[in-house]
Amino acid sequence: MKILSLVALSLVLQACGQPEASHPAGEEAAQAPLAQDVAPAEVPVAAPAEVALPLVKPADWDAMSYNKAHGAAGAIPSGYMEKINAEGGDTGHLGKHLPYVAKVEGYQVPEGKLALMFGDDSAGNAQHPNAPEGTESYENGHFFDLITVRPSVEGAPDATVTTFNGWPAVGEGATGQYAVLGGGDIAEKGGRNTVYLVDLPDGAKSGDVVRVTGHCRYHGEYVDFITVP
Ligand SMILES: [Fe+2]
């Protein structure tokens, strides 16, 4: 449990250059997540699997079952699907990649931003760790490199795509920013206190439901609906 005492959830604002995403998303990336050499023009504005994603949060929405089906359809690498489908995989692997609103009581999230984390331990899920490039088994770094936020409405509303190209800091060209839950060292607890500050769609306000699609560099794409705090 990590209630913020924060006087200062110290923002680690090492980001913010001009948008020049260099990461793919969706199925292609899930199969070949190493994307440093993908040209910006190839970066999709929305995930390739967009047509398969629900536009409006279904009344019977079940993130676990939906993401298992979405993953089996190619959004999650097959090797990781095996872990998800094994005993304990629901919370230990799938739930670990589901986004939720960071519990940043006492901290004013910047205007137009949504503070996200992945793997809500208060819901029984494992917390998603984060790792820098060069880490054993995660040569290209382990973090969410592309996060899409779309209003939960019919039609074709504007969605935002926020990019992260490194951890514990983002480099030039990324549009995302990191903060640290509790304001400590972002690298503590294997990076599990990392807060992703992503762009909200224009006009999004408290109480609105948005669809969040997060792409983990090694484990594929995950979808959930979130209420803007
Ligand atoms: Fe992951």
# chains A, B, ... in the order shown; residues from 1 in each chain; ligands from 1
>>> residues_near_ligand(ligand="ligand 1", cutoff="7 Å", atoms="only C-alpha atoms and all ligand atoms", output="number ranges by chain")
A: 97, 128, 142-143, 216-219
>>> closest_residue(among="A:Gly220, A:Gly88, A:Pro77, A:Lys96", to="Ala63 in chain A", atoms="only C-alpha atoms")
A:Lys96
>>> atom_distance(atom1="CA of Thr148 in chain A", atom2="CA of Pro229 in chain A")
17.2 Å
>>> closest_residue(among="A:Gly124, A:Pro58, A:Gly74, A:Gly191", to="Asp224 in chain A", atoms="only C-alpha atoms")
A:Pro58
>>> atom_distance(atom1="CA of Asp185 in chain A", atom2="CA of Trp167 in chain A")
12.6 Å
>>> closest_residue(among="A:Gly89, A:Pro132, A:Pro99, A:Gly183", to="Leu116 in chain A", atoms="only C-alpha atoms")
A:Pro99
>>> residues_around(residues="Tyr196 in chain A", least_positions_apart="2", cutoff="9 Å", atoms="only C-alpha atoms", output="list in words")
Ala102, Leu114, Ala115, Leu116, Met117, Phe118, Phe144, Phe164, Gly176, Gln177, Tyr178, Ala179, Val180, Thr194 and Val198 of chain A
>>> write_last_selection(atoms="C-alpha atoms", output="compact mmCIF listing (two decimals), in the first residue's frame")
# COMPACT_ATOMS: atom_id res chain seq x y z
CA ALA A 102 -1.87 6.33 -9.25
CA LEU A 114 -3.33 11.49 -16.08
CA ALA A 115 -1.08 9.78 -13.51
CA LEU A 116 -0.96 6.07 -14.23
CA MET A 117 0.71 3.05 -12.72
CA PHE A 118 0.53 -0.60 -13.75
CA PHE A 144 5.66 0.96 -21.03
CA PHE A 164 8.38 6.88 -23.30
CA GLY A 176 5.85 11.35 -21.53
CA GLN A 177 7.09 12.28 -18.09
CA TYR A 178 7.80 10.23 -14.99
CA ALA A 179 7.00 10.99 -11.40
CA VAL A 180 7.74 8.92 -8.32
CA THR A 194 7.20 4.82 -11.18
CA VAL A 198 0.30 10.74 -19.82
>>> residues_around(residues="Val228 in chain A", least_positions_apart="5", cutoff="10 Å", atoms="only C-alpha atoms", output="ChimeraX atom specification")
/A:101,113-115,200,204-210
>>> write_last_selection(atoms="C-alpha atoms", output="PDB file, in the first residue's frame")
ATOM      1  CA  VAL A 101      -4.843   5.696 -11.502  1.00  0.00           C
ATOM      2  CA  LYS A 113      -2.234  14.834 -17.454  1.00  0.00           C
ATOM      3  CA  LEU A 114      -3.329  11.493 -16.076  1.00  0.00           C
ATOM      4  CA  ALA A 115      -1.078   9.781 -13.510  1.00  0.00           C
ATOM      5  CA  LEU A 200      -5.489  13.304 -21.405  1.00  0.00           C
ATOM      6  CA  ALA A 204     -11.475  15.198 -20.554  1.00  0.00           C
ATOM      7  CA  LYS A 205     -12.706  15.970 -17.072  1.00  0.00           C
ATOM      8  CA  SER A 206     -13.079  14.321 -13.713  1.00  0.00           C
ATOM      9  CA  GLY A 207     -15.567  11.473 -13.849  1.00  0.00           C
ATOM     10  CA  ASP A 208     -15.084  10.758 -17.532  1.00  0.00           C
ATOM     11  CA  VAL A 209     -14.311   7.205 -18.503  1.00  0.00           C
ATOM     12  CA  VAL A 210     -11.361   6.713 -20.817  1.00  0.00           C
TER      13      VAL A 210
END
>>> select_by_dssp(residues="range 71-161 of chain A", states="strand (DSSP E or B)", output="list in words")
Pro99, Tyr100, Val101, Lys113, Leu114, Ala115, Leu116, Met117, Phe118, Ala131, Thr135, Tyr138, His142, Phe144, Asp145, Leu146, Ile147, Thr148, Val149, Arg150, Pro151, Thr160 and Val161 of chain A
